[in-house]
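The structure under discussion appears below in the form of structure tokens.
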Amino acid sequence: MKTLKNHTIFYDDECPMCREYTRAFVKTGMLDKQGREPYSLAVHTIPHVDWHKAKNEIALVNKKTNEVSYGIDAMLQVLTYNFPFLRSLKKLPFAEKILWQLYYFISYNRKVIAPGTVFEGKNTCTPDFNLGYRIAYIIFTWLITSLILVQYANLAEPLVPKSEFFREFIVCGGQLLFQGLIVFLINRNRIIHYLGNVMTISFAGSLALLPAFLFTSIIHSPWFYIGWFAVVVMVMFFEHMRRASILELPWVVSATWVLYRLLALGIILSL
């Protein structure tokens, strides 16, 4: 790899995704060993960087010219140095707009996709809250989770009644309403952040079910798929507790998360 020298990218050190992809830039030689610095240590140290903008759009500084690129422009500057063909993306109709929308979709939701150890703190690179992108994220994960669950539930027949998309969609939506009400009563300022986190947990849980489909041709017992689901839910529970703690929400939020699932299961089995 050719190294883009004399450039430094300032990443969100409380974001696991940001840490990993900027580390990959350095490890693969796209940036030199001094080519990445954590936002929390660098904030306000370089006057020509818009540090507020850098919370939403990662900043790349040319140390020779002091020129600063942000967001997709910064990412493409690093990538196109080794992959020049990517420059053509900017020339395609709407391609750049789509890339920016995808970037914002991830950036504004990164704290609910992969939270760090604290929700908010001094000098942390917490992005501005954007209701539109948060709702879009919740709806996206809601739909994908429902689509996966409807297929997986049918593997557990006849122990579980045959499923359809509407049932799984309502169950996922019911979770948002049920848990949303609980969090609203405890700390209404956390509700939209909590709902984003809880849908990430559901989405990740549904993805963890996908490997089970590899066994459908050799394992036909519904108990196997029930057991796989139970293990996934257990992992989801501990992740829920971890994320609730980051949001400074009490243990009761995790207890009601379990309660809702038991209630939903009871209703499904009675159908």
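The way I read the labels, and the way they are meant: chains A, B, ... in the order of the structure tokens, residue 1 as the first residue of every chain, and ligand 1 as the first ligand shown, with later ones counted on from there.
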Who sits within 12 Å of Thr65 of chain A, only C-alpha atoms, same chain under 5 positions skipped, as a ChimeraX atom specification
/A:6-7,48,60
Residues as selected, N, CA, C and O atoms, written as a PDB file, in the first residue's frame, can you do that?
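Result written to out10.pdb:
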```pdb
ATOM      1  N   ASN A   6       1.970  12.708   5.977  1.00  0.00           N
ATOM      2  CA  ASN A   6       1.683  14.064   6.462  1.00  0.00           C
ATOM      3  C   ASN A   6       0.189  14.354   6.564  1.00  0.00           C
ATOM      4  O   ASN A   6      -0.248  15.498   6.381  1.00  0.00           O
ATOM      5  N   HIS A   7      -0.578  13.319   6.842  1.00  0.00           N
ATOM      6  CA  HIS A   7      -2.009  13.469   7.079  1.00  0.00           C
ATOM      7  C   HIS A   7      -2.358  12.790   8.405  1.00  0.00           C
ATOM      8  O   HIS A   7      -1.800  11.737   8.731  1.00  0.00           O
ATOM      9  N   HIS A  48      -7.466  25.246  13.117  1.00  0.00           N
ATOM     10  CA  HIS A  48      -8.169  25.268  11.839  1.00  0.00           C
ATOM     11  C   HIS A  48      -9.109  24.079  11.649  1.00  0.00           C
ATOM     12  O   HIS A  48      -9.739  23.949  10.600  1.00  0.00           O
ATOM     13  N   LEU A  60      -9.857  14.823   8.559  1.00  0.00           N
ATOM     14  CA  LEU A  60      -8.527  14.447   8.061  1.00  0.00           C
ATOM     15  C   LEU A  60      -7.762  15.734   7.765  1.00  0.00           C
ATOM     16  O   LEU A  60      -8.210  16.567   6.976  1.00  0.00           O
TER      17      LEU A  60
END
```
Neighbours of Lys55 of chain A within 12 Å (only C-alpha atoms; same-chain residues fewer than 5 positions away dropped), as a compact mmCIF listing (two decimals) with N, CA and C atoms, in the first residue's frame?
```txt
# COMPACT_ATOMS: atom_id res chain seq x y z
N PHE A 10 -8.61 12.24 12.77
CA PHE A 10 -9.01 12.34 14.17
C PHE A 10 -10.29 11.54 14.38
N TYR A 11 -10.15 10.41 15.05
CA TYR A 11 -11.26 9.45 15.17
C TYR A 11 -11.90 9.49 16.54
N ASP A 12 -13.12 9.01 16.59
CA ASP A 12 -13.88 8.91 17.84
C ASP A 12 -13.37 7.70 18.62
N ASP A 13 -12.57 7.94 19.66
CA ASP A 13 -11.98 6.83 20.41
C ASP A 13 -12.99 6.13 21.32
N GLU A 14 -14.23 6.66 21.41
CA GLU A 14 -15.29 5.97 22.14
C GLU A 14 -16.18 5.17 21.21
N CYS A 15 -15.77 5.08 19.95
CA CYS A 15 -16.55 4.34 18.94
C CYS A 15 -15.73 3.14 18.46
N CYS A 18 -15.02 3.17 14.70
CA CYS A 18 -14.05 4.19 14.30
C CYS A 18 -12.63 3.77 14.65
N PRO A 38 -6.72 10.16 18.60
CA PRO A 38 -8.06 10.15 19.21
C PRO A 38 -8.60 11.57 19.37
N TYR A 39 -9.87 11.72 19.09
CA TYR A 39 -10.53 13.03 19.19
C TYR A 39 -10.40 13.61 20.59
N SER A 40 -10.60 12.78 21.61
CA SER A 40 -10.65 13.28 22.98
C SER A 40 -9.33 13.91 23.43
N VAL A 43 -8.85 17.34 20.63
CA VAL A 43 -9.87 18.38 20.50
C VAL A 43 -9.35 19.74 20.96
N VAL A 49 -9.24 23.21 12.63
CA VAL A 49 -10.21 22.10 12.58
C VAL A 49 -11.51 22.56 13.23
N ASP A 50 -12.62 22.34 12.55
CA ASP A 50 -13.93 22.60 13.13
C ASP A 50 -14.27 21.39 14.01
N TYR A 70 -13.56 16.44 5.60
CA TYR A 70 -14.47 15.86 6.57
C TYR A 70 -15.32 14.75 5.93
N GLY A 71 -15.71 13.80 6.78
CA GLY A 71 -16.68 12.79 6.37
C GLY A 71 -16.24 11.96 5.18
N TYR A 104 -23.91 9.59 6.91
CA TYR A 104 -24.66 10.23 7.99
C TYR A 104 -25.52 9.21 8.75
N SER A 107 -22.99 7.51 10.94
CA SER A 107 -22.33 8.42 11.88
C SER A 107 -23.28 8.91 12.98
N TYR A 108 -24.47 9.35 12.59
CA TYR A 108 -25.41 9.87 13.59
C TYR A 108 -25.95 8.77 14.50
N ARG A 110 -23.99 5.97 15.32
CA ARG A 110 -22.90 5.09 15.75
C ARG A 110 -22.91 4.81 17.25
N LYS A 111 -23.45 5.72 18.05
CA LYS A 111 -23.47 5.51 19.50
C LYS A 111 -24.54 4.50 19.92
N ASN A 123 -15.17 16.09 26.43
CA ASN A 123 -14.33 15.95 25.24
C ASN A 123 -14.60 14.67 24.44
N THR A 124 -15.72 13.99 24.70
CA THR A 124 -16.04 12.81 23.90
C THR A 124 -16.62 13.24 22.56
N CYS A 125 -16.42 12.41 21.58
CA CYS A 125 -16.83 12.73 20.20
C CYS A 125 -18.27 12.27 19.96
N THR A 126 -19.19 12.79 20.75
CA THR A 126 -20.60 12.41 20.63
C THR A 126 -21.24 13.21 19.50
N PRO A 127 -21.79 12.52 18.49
CA PRO A 127 -22.40 13.25 17.37
C PRO A 127 -23.66 13.98 17.79
N ASP A 128 -24.02 15.00 17.03
CA ASP A 128 -25.29 15.68 17.26
C ASP A 128 -26.43 14.68 17.09
N PHE A 129 -27.50 14.88 17.84
CA PHE A 129 -28.65 14.00 17.69
C PHE A 129 -29.46 14.42 16.48
```
Members of segment 43-265 of chain A assigned helix (DSSP H, G or I) by DSSP, as a ChimeraX atom specification
/A:53-56,71-80,84-91,95-107,110-113,131-156,165-215,222-246,252-265
Please measure the separation of atom CA of Gly35 of chain A and atom CA of Ile58 of chain A, giving the value in Å to one decimal.
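Atom-to-atom, atom CA of Gly35 of chain A to atom CA of Ile58 of chain A, that is 13.2 Å.
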Using only C-alpha atoms: which of A:Met75, A:Ser245, A:Leu263, A:Glu120 has the shortest distance to Leu99 of chain A
A:Met75
Tell me which of A:His220, A:Glu248, A:Glu164, A:Leu31 sits closest to Asn187 of chain A, counting only C-alpha atoms.
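Selected residue with least distance to Asn187 of chain A: A:Glu248.
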Given only C-alpha atoms, how would the per-residue table for segment 57-98 of chain A near segment 20-26 of chain A read, listing every residue at most 12 Å away with its closest atom pair and distance in Å to one decimal, sorted by chain and number, as CSV?
```
residue,atom,partner,partner_atom,distance
A:Ile58,CA,A:Thr22,CA,10.3
A:Ala59,CA,A:Thr22,CA,11.6
A:Leu60,CA,A:Thr22,CA,11.0
A:Ala74,CA,A:Thr22,CA,11.6
A:Met75,CA,A:Thr22,CA,9.8
A:Gln77,CA,A:Phe25,CA,11.8
A:Val78,CA,A:Phe25,CA,8.1
A:Leu79,CA,A:Phe25,CA,8.9
A:Tyr81,CA,A:Phe25,CA,11.7
A:Asn82,CA,A:Phe25,CA,11.1
```
Write the residues of the selection above to a file with all heavy atoms, as a tab-separated table (two decimals), in the first residue's frame.
```tsv
chain	number	residue	atom	x	y	z
A	58	ILE	N	-15.85	12.71	10.41
A	58	ILE	CA	-14.45	12.50	10.79
A	58	ILE	C	-13.53	13.45	10.02
A	58	ILE	O	-13.74	13.70	8.82
A	58	ILE	CB	-14.05	11.03	10.56
A	58	ILE	CG1	-12.74	10.70	11.30
A	58	ILE	CG2	-13.96	10.69	9.09
A	58	ILE	CD1	-12.48	9.23	11.43
A	59	ALA	N	-12.55	14.01	10.72
A	59	ALA	CA	-11.68	15.04	10.13
A	59	ALA	C	-10.32	14.46	9.74
A	59	ALA	O	-9.71	13.72	10.51
A	59	ALA	CB	-11.49	16.19	11.12
A	60	LEU	N	-9.86	14.82	8.56
A	60	LEU	CA	-8.53	14.45	8.06
A	60	LEU	C	-7.76	15.73	7.77
A	60	LEU	O	-8.21	16.57	6.98
A	60	LEU	CB	-8.64	13.60	6.80
A	60	LEU	CG	-7.32	13.19	6.13
A	60	LEU	CD1	-6.59	12.14	6.98
A	60	LEU	CD2	-7.57	12.65	4.73
A	74	ALA	N	-13.04	12.92	3.50
A	74	ALA	CA	-11.84	12.45	4.19
A	74	ALA	C	-11.59	10.98	3.90
A	74	ALA	O	-10.46	10.56	3.63
A	74	ALA	CB	-12.01	12.67	5.70
A	75	MET	N	-12.66	10.17	3.95
A	75	MET	CA	-12.52	8.74	3.70
A	75	MET	C	-12.02	8.48	2.27
A	75	MET	O	-11.11	7.67	2.06
A	75	MET	CB	-13.87	8.05	3.91
A	75	MET	CG	-14.44	8.22	5.30
A	75	MET	SD	-13.66	7.15	6.50
A	75	MET	CE	-14.42	5.61	6.10
A	77	GLN	N	-10.37	10.49	0.37
A	77	GLN	CA	-9.00	10.97	0.19
A	77	GLN	C	-8.00	9.89	0.60
A	77	GLN	O	-6.96	9.70	-0.06
A	77	GLN	CB	-8.77	12.24	1.00
A	77	GLN	CG	-7.45	12.93	0.67
A	77	GLN	CD	-7.33	14.30	1.30
A	77	GLN	OE1	-8.31	14.89	1.73
A	77	GLN	NE2	-6.11	14.81	1.38
A	78	VAL	N	-8.30	9.17	1.67
A	78	VAL	CA	-7.42	8.08	2.11
A	78	VAL	C	-7.49	6.91	1.14
A	78	VAL	O	-6.47	6.36	0.71
A	78	VAL	CB	-7.80	7.61	3.53
A	78	VAL	CG1	-6.95	6.40	3.94
A	78	VAL	CG2	-7.60	8.74	4.54
A	79	LEU	N	-8.70	6.54	0.75
A	79	LEU	CA	-8.89	5.34	-0.07
A	79	LEU	C	-8.43	5.52	-1.52
A	79	LEU	O	-7.81	4.63	-2.10
A	79	LEU	CB	-10.37	4.92	-0.05
A	79	LEU	CG	-10.91	4.44	1.30
A	79	LEU	CD1	-12.42	4.25	1.25
A	79	LEU	CD2	-10.24	3.13	1.73
A	81	TYR	N	-6.13	7.27	-2.66
A	81	TYR	CA	-4.67	7.35	-2.81
A	81	TYR	C	-4.11	6.00	-3.27
A	81	TYR	O	-3.12	5.93	-3.98
A	81	TYR	CB	-4.03	7.77	-1.49
A	81	TYR	CG	-2.60	8.22	-1.61
A	81	TYR	CD1	-2.29	9.42	-2.25
A	81	TYR	CD2	-1.55	7.45	-1.10
A	81	TYR	CE1	-0.97	9.84	-2.38
A	81	TYR	CE2	-0.24	7.87	-1.23
A	81	TYR	CZ	0.05	9.06	-1.86
A	81	TYR	OH	1.35	9.47	-1.99
A	82	ASN	N	-4.80	4.92	-2.85
A	82	ASN	CA	-4.40	3.57	-3.27
A	82	ASN	C	-5.35	2.98	-4.31
A	82	ASN	O	-4.96	2.09	-5.05
A	82	ASN	CB	-4.34	2.64	-2.06
A	82	ASN	CG	-3.07	2.81	-1.26
A	82	ASN	OD1	-2.03	2.29	-1.63
A	82	ASN	ND2	-3.15	3.56	-0.15
```
Close residues, Leu176 of chain A itself excluded, 10 Å, only C-alpha atoms, min 5 positions apart in chain, as a PDB file with N, CA and C atoms, in the first residue's frame:
```
ATOM      1  N   ILE A 138     -34.112   2.938  13.279  1.00  0.00           N
ATOM      2  CA  ILE A 138     -35.030   2.073  14.028  1.00  0.00           C
ATOM      3  C   ILE A 138     -35.942   1.310  13.073  1.00  0.00           C
ATOM      4  N   TRP A 142     -35.885  -2.689  12.455  1.00  0.00           N
ATOM      5  CA  TRP A 142     -37.183  -3.310  12.751  1.00  0.00           C
ATOM      6  C   TRP A 142     -37.625  -4.210  11.594  1.00  0.00           C
ATOM      7  N   ILE A 170     -45.282  -7.002  14.421  1.00  0.00           N
ATOM      8  CA  ILE A 170     -46.030  -6.487  15.573  1.00  0.00           C
ATOM      9  C   ILE A 170     -45.296  -6.774  16.879  1.00  0.00           C
ATOM     10  N   VAL A 171     -44.694  -7.953  16.995  1.00  0.00           N
ATOM     11  CA  VAL A 171     -43.944  -8.289  18.207  1.00  0.00           C
ATOM     12  C   VAL A 171     -42.771  -7.331  18.388  1.00  0.00           C
ATOM     13  N   LEU A 181     -42.247   3.000  26.882  1.00  0.00           N
ATOM     14  CA  LEU A 181     -43.050   3.539  27.976  1.00  0.00           C
ATOM     15  C   LEU A 181     -42.305   3.424  29.299  1.00  0.00           C
ATOM     16  N   ILE A 182     -41.652   2.288  29.514  1.00  0.00           N
ATOM     17  CA  ILE A 182     -40.901   2.085  30.757  1.00  0.00           C
ATOM     18  C   ILE A 182     -39.793   3.124  30.885  1.00  0.00           C
ATOM     19  N   ILE A 191     -34.948   8.080  26.109  1.00  0.00           N
ATOM     20  CA  ILE A 191     -35.840   7.157  25.407  1.00  0.00           C
ATOM     21  C   ILE A 191     -35.415   6.881  23.965  1.00  0.00           C
ATOM     22  N   TYR A 194     -32.243   4.909  23.925  1.00  0.00           N
ATOM     23  CA  TYR A 194     -32.497   3.528  24.352  1.00  0.00           C
ATOM     24  C   TYR A 194     -33.130   2.724  23.219  1.00  0.00           C
ATOM     25  N   LEU A 195     -34.134   3.291  22.557  1.00  0.00           N
ATOM     26  CA  LEU A 195     -34.821   2.558  21.489  1.00  0.00           C
ATOM     27  C   LEU A 195     -33.858   2.213  20.357  1.00  0.00           C
ATOM     28  N   GLY A 196     -32.922   3.113  20.066  1.00  0.00           N
ATOM     29  CA  GLY A 196     -31.906   2.793  19.066  1.00  0.00           C
ATOM     30  C   GLY A 196     -31.041   1.631  19.506  1.00  0.00           C
ATOM     31  N   VAL A 198     -31.839  -0.732  21.740  1.00  0.00           N
ATOM     32  CA  VAL A 198     -32.599  -1.977  21.860  1.00  0.00           C
ATOM     33  C   VAL A 198     -32.858  -2.592  20.481  1.00  0.00           C
ATOM     34  N   MET A 199     -32.988  -1.746  19.445  1.00  0.00           N
ATOM     35  CA  MET A 199     -33.164  -2.290  18.109  1.00  0.00           C
ATOM     36  C   MET A 199     -31.849  -2.823  17.543  1.00  0.00           C
TER      37      MET A 199
END
```
Counting only C-alpha atoms, what is within 9 Å of Ala153 of chain A, bar same-chain residues fewer than 5 positions away, as number ranges by chain?
A: 148, 160-164, 225-226
